[in-house]
Amino acid sequence: FSLIRKVSGIDITLTANDITVNKNFKEWAFKKQAGATKFNEEQMQWLRMIKDYVINSFHIDRDDFDLNPFNAQGGLGKMWQLFGEETDGIINELNDVLAA
């Protein structure tokens with residue numbers, strides 16, 4: 001993935017995917033918390049699990065919540081309990097932001 005980013009001109013140097021995703025996640029979470037959205041600790045724990053999942057798989061969708069680590073924590077149902085109507089929007093937004 002980092003090679004594609006370098007070749008396509010997005011990055012000047014090769015950067016490990018985990019560094020890129022972690023940096024993008026921190027920036028995204030900071031912007032969200034500074035605005036109208038305020039995540040509680042349990043929500044942040046789930047967002048971090050999503051981030052960690054994306055580091056290894058580059059993408060997440062609803063079906064992935066049937067897999068570890070999400071299924072052990074309540075899966076997509078728990079995600080909906082924590083984020084409600086924003087669930088799909090958060091999933092889509094994180095897919096766009098984290099790998100950017």
# chains A, B, ... in the order shown; residues from 1 in each chain; ligands from 1

call {"tool": "residues_around", "arguments": {"residues": "Asp88 in chain A", "least_positions_apart": "5", "cutoff": "12 Å", "atoms": "only C-alpha atoms", "output": "MDAnalysis selection string"}}
result
chainID A and resid 60:63 76 79:80 83 93:95

call {"tool": "write_last_selection", "arguments": {"atoms": "all heavy atoms", "output": "short mmCIF file (atom, residue, chain, number, x, y, z; two decimals), in the first residue's frame"}}
result
data_model
loop_
_atom_site.label_atom_id
_atom_site.label_comp_id
_atom_site.auth_asym_id
_atom_site.auth_seq_id
_atom_site.Cartn_x
_atom_site.Cartn_y
_atom_site.Cartn_z
N ILE A 60 -12.80 -1.58 6.03
CA ILE A 60 -13.74 -2.28 6.90
C ILE A 60 -15.13 -2.08 6.35
O ILE A 60 -15.46 -1.02 5.81
CB ILE A 60 -13.63 -1.78 8.37
CG1 ILE A 60 -14.47 -2.66 9.29
CG2 ILE A 60 -14.00 -0.31 8.49
CD1 ILE A 60 -14.19 -2.45 10.76
N ASP A 61 -15.96 -3.11 6.44
CA ASP A 61 -17.37 -2.97 6.10
C ASP A 61 -18.21 -3.69 7.14
O ASP A 61 -17.68 -4.29 8.07
CB ASP A 61 -17.66 -3.43 4.67
CG ASP A 61 -17.33 -4.90 4.42
OD1 ASP A 61 -17.57 -5.73 5.32
OD2 ASP A 61 -16.85 -5.20 3.33
N ARG A 62 -19.50 -3.62 6.98
CA ARG A 62 -20.41 -4.16 7.99
C ARG A 62 -20.16 -5.64 8.29
O ARG A 62 -20.27 -6.07 9.42
CB ARG A 62 -21.86 -3.97 7.54
CG ARG A 62 -22.23 -2.51 7.43
CD ARG A 62 -23.60 -2.33 6.80
NE ARG A 62 -24.42 -1.66 7.79
CZ ARG A 62 -25.62 -2.07 8.15
NH1 ARG A 62 -26.15 -3.13 7.59
NH2 ARG A 62 -26.30 -1.41 9.06
N ASP A 63 -19.83 -6.43 7.28
CA ASP A 63 -19.60 -7.87 7.48
C ASP A 63 -18.40 -8.14 8.38
O ASP A 63 -18.34 -9.17 9.05
CB ASP A 63 -19.38 -8.57 6.13
CG ASP A 63 -20.64 -8.59 5.29
OD1 ASP A 63 -21.75 -8.47 5.85
OD2 ASP A 63 -20.51 -8.74 4.06
N LEU A 76 -21.75 -5.88 15.15
CA LEU A 76 -22.40 -4.72 14.56
C LEU A 76 -23.52 -4.19 15.45
O LEU A 76 -23.75 -2.98 15.52
CB LEU A 76 -22.94 -5.06 13.16
CG LEU A 76 -23.49 -3.90 12.34
CD1 LEU A 76 -22.42 -2.82 12.13
CD2 LEU A 76 -24.02 -4.40 11.01
N MET A 79 -21.99 -1.90 17.84
CA MET A 79 -21.61 -0.67 17.13
C MET A 79 -22.84 0.22 16.98
O MET A 79 -22.77 1.43 17.23
CB MET A 79 -21.00 -1.04 15.78
CG MET A 79 -20.57 0.12 14.93
SD MET A 79 -19.01 0.82 15.43
CE MET A 79 -18.80 2.06 14.15
N TRP A 80 -23.97 -0.34 16.59
CA TRP A 80 -25.21 0.43 16.45
C TRP A 80 -25.66 0.98 17.81
O TRP A 80 -26.16 2.10 17.90
CB TRP A 80 -26.32 -0.42 15.84
CG TRP A 80 -26.30 -0.36 14.35
CD1 TRP A 80 -25.69 -1.23 13.50
CD2 TRP A 80 -26.88 0.65 13.52
NE1 TRP A 80 -25.86 -0.82 12.20
CE2 TRP A 80 -26.60 0.32 12.19
CE3 TRP A 80 -27.63 1.79 13.79
CZ2 TRP A 80 -27.03 1.09 11.11
CZ3 TRP A 80 -28.07 2.56 12.71
CH2 TRP A 80 -27.76 2.22 11.41
N PHE A 83 -23.26 4.00 18.40
CA PHE A 83 -23.23 5.10 17.45
C PHE A 83 -24.56 5.38 16.75
O PHE A 83 -24.68 6.39 16.06
CB PHE A 83 -22.14 4.86 16.39
CG PHE A 83 -20.76 4.83 16.98
CD1 PHE A 83 -20.13 3.62 17.27
CD2 PHE A 83 -20.08 6.00 17.27
CE1 PHE A 83 -18.86 3.59 17.82
CE2 PHE A 83 -18.81 5.99 17.82
CZ PHE A 83 -18.20 4.77 18.09
N GLU A 93 -16.67 7.04 6.69
CA GLU A 93 -15.72 8.14 6.90
C GLU A 93 -14.35 7.60 7.29
O GLU A 93 -13.33 8.06 6.77
CB GLU A 93 -16.26 9.07 7.99
CG GLU A 93 -15.55 10.37 8.09
CD GLU A 93 -16.22 11.34 9.05
OE1 GLU A 93 -17.45 11.21 9.30
OE2 GLU A 93 -15.52 12.23 9.54
N LEU A 94 -14.31 6.62 8.19
CA LEU A 94 -13.03 6.04 8.58
C LEU A 94 -12.34 5.34 7.41
O LEU A 94 -11.14 5.42 7.26
CB LEU A 94 -13.19 5.11 9.77
CG LEU A 94 -13.43 5.81 11.11
CD1 LEU A 94 -13.75 4.80 12.20
CD2 LEU A 94 -12.26 6.67 11.50
N ASN A 95 -13.11 4.67 6.57
CA ASN A 95 -12.52 4.05 5.38
C ASN A 95 -11.86 5.10 4.49
O ASN A 95 -10.78 4.89 3.95
CB ASN A 95 -13.57 3.28 4.58
CG ASN A 95 -13.80 1.88 5.12
OD1 ASN A 95 -12.88 1.21 5.57
ND2 ASN A 95 -15.04 1.45 5.10
#

call {"tool": "select_by_dssp", "arguments": {"residues": "chain A", "states": "helix (DSSP H, G or I)", "output": "ChimeraX atom specification"}}
result
/A:2-7,17-34,41-57,62-66,71-73,75-98

call {"tool": "residues_around", "arguments": {"residues": "Asp18 in chain A", "least_positions_apart": "5", "cutoff": "10 Å", "atoms": "only C-alpha atoms", "output": "list of chain:residue names"}}
result
A:Ser2, A:Lys23, A:Asn24, A:Lys51, A:Asp52, A:Val54, A:Ile55, A:Asn56, A:Phe58, A:Leu98, A:Ala99

call {"tool": "write_last_selection", "arguments": {"atoms": "N, CA, C and O atoms", "output": "mmCIF file, in the first residue's frame"}}
result
data_model
loop_
_atom_site.group_PDB
_atom_site.id
_atom_site.type_symbol
_atom_site.label_atom_id
_atom_site.label_comp_id
_atom_site.auth_asym_id
_atom_site.auth_seq_id
_atom_site.Cartn_x
_atom_site.Cartn_y
_atom_site.Cartn_z
ATOM 1 N N SER A 2 1.894 1.286 0.832
ATOM 2 C CA SER A 2 2.753 2.467 0.868
ATOM 3 C C SER A 2 3.506 2.641 -0.440
ATOM 4 O O SER A 2 3.777 3.767 -0.867
ATOM 5 N N LYS A 23 -1.629 8.180 12.227
ATOM 6 C CA LYS A 23 -1.585 9.633 12.081
ATOM 7 C C LYS A 23 -2.941 10.163 11.618
ATOM 8 O O LYS A 23 -3.476 11.115 12.187
ATOM 9 N N ASN A 24 -3.513 9.529 10.611
ATOM 10 C CA ASN A 24 -4.813 9.962 10.092
ATOM 11 C C ASN A 24 -5.911 9.812 11.136
ATOM 12 O O ASN A 24 -6.800 10.663 11.243
ATOM 13 N N LYS A 51 -9.705 1.248 13.751
ATOM 14 C CA LYS A 51 -8.410 1.730 13.235
ATOM 15 C C LYS A 51 -7.417 0.575 13.141
ATOM 16 O O LYS A 51 -6.768 0.390 12.117
ATOM 17 N N ASP A 52 -7.299 -0.209 14.197
ATOM 18 C CA ASP A 52 -6.367 -1.331 14.205
ATOM 19 C C ASP A 52 -6.725 -2.364 13.138
ATOM 20 O O ASP A 52 -5.846 -2.948 12.512
ATOM 21 N N VAL A 54 -8.246 -1.700 10.287
ATOM 22 C CA VAL A 54 -7.916 -1.100 8.992
ATOM 23 C C VAL A 54 -6.410 -1.140 8.729
ATOM 24 O O VAL A 54 -5.988 -1.287 7.584
ATOM 25 N N ILE A 55 -5.605 -1.039 9.770
ATOM 26 C CA ILE A 55 -4.151 -1.139 9.593
ATOM 27 C C ILE A 55 -3.798 -2.446 8.894
ATOM 28 O O ILE A 55 -2.943 -2.474 8.013
ATOM 29 N N ASN A 56 -4.478 -3.523 9.263
ATOM 30 C CA ASN A 56 -4.159 -4.840 8.708
ATOM 31 C C ASN A 56 -4.943 -5.197 7.452
ATOM 32 O O ASN A 56 -4.492 -6.021 6.665
ATOM 33 N N PHE A 58 -6.827 -2.660 5.457
ATOM 34 C CA PHE A 58 -6.967 -1.492 4.586
ATOM 35 C C PHE A 58 -8.394 -1.003 4.419
ATOM 36 O O PHE A 58 -8.617 0.042 3.820
ATOM 37 N N LEU A 98 -8.744 7.016 6.970
ATOM 38 C CA LEU A 98 -7.610 6.285 7.517
ATOM 39 C C LEU A 98 -6.578 5.894 6.474
ATOM 40 O O LEU A 98 -5.369 5.971 6.734
ATOM 41 N N ALA A 99 -7.006 5.495 5.320
ATOM 42 C CA ALA A 99 -6.062 5.048 4.302
ATOM 43 C C ALA A 99 -5.650 6.173 3.354
ATOM 44 O O ALA A 99 -4.861 5.947 2.445
#

call {"tool": "atom_distance", "arguments": {"atom1": "CA of Glu85 in chain A", "atom2": "CA of Asn22 in chain A"}}
result
25.3 Å

call {"tool": "residues_around", "arguments": {"residues": "range 37-43 of chain A", "least_positions_apart": "3", "cutoff": "12 Å", "atoms": "only C-alpha atoms", "output": "count of residues only"}}
result
23

call {"tool": "atom_distance", "arguments": {"atom1": "CA of Ala72 in chain A", "atom2": "CA of Ala100 in chain A"}}
result
28.5 Å

call {"tool": "atom_distance", "arguments": {"atom1": "CA of Asp96 in chain A", "atom2": "CA of Gly77 in chain A"}}
result
22.5 Å
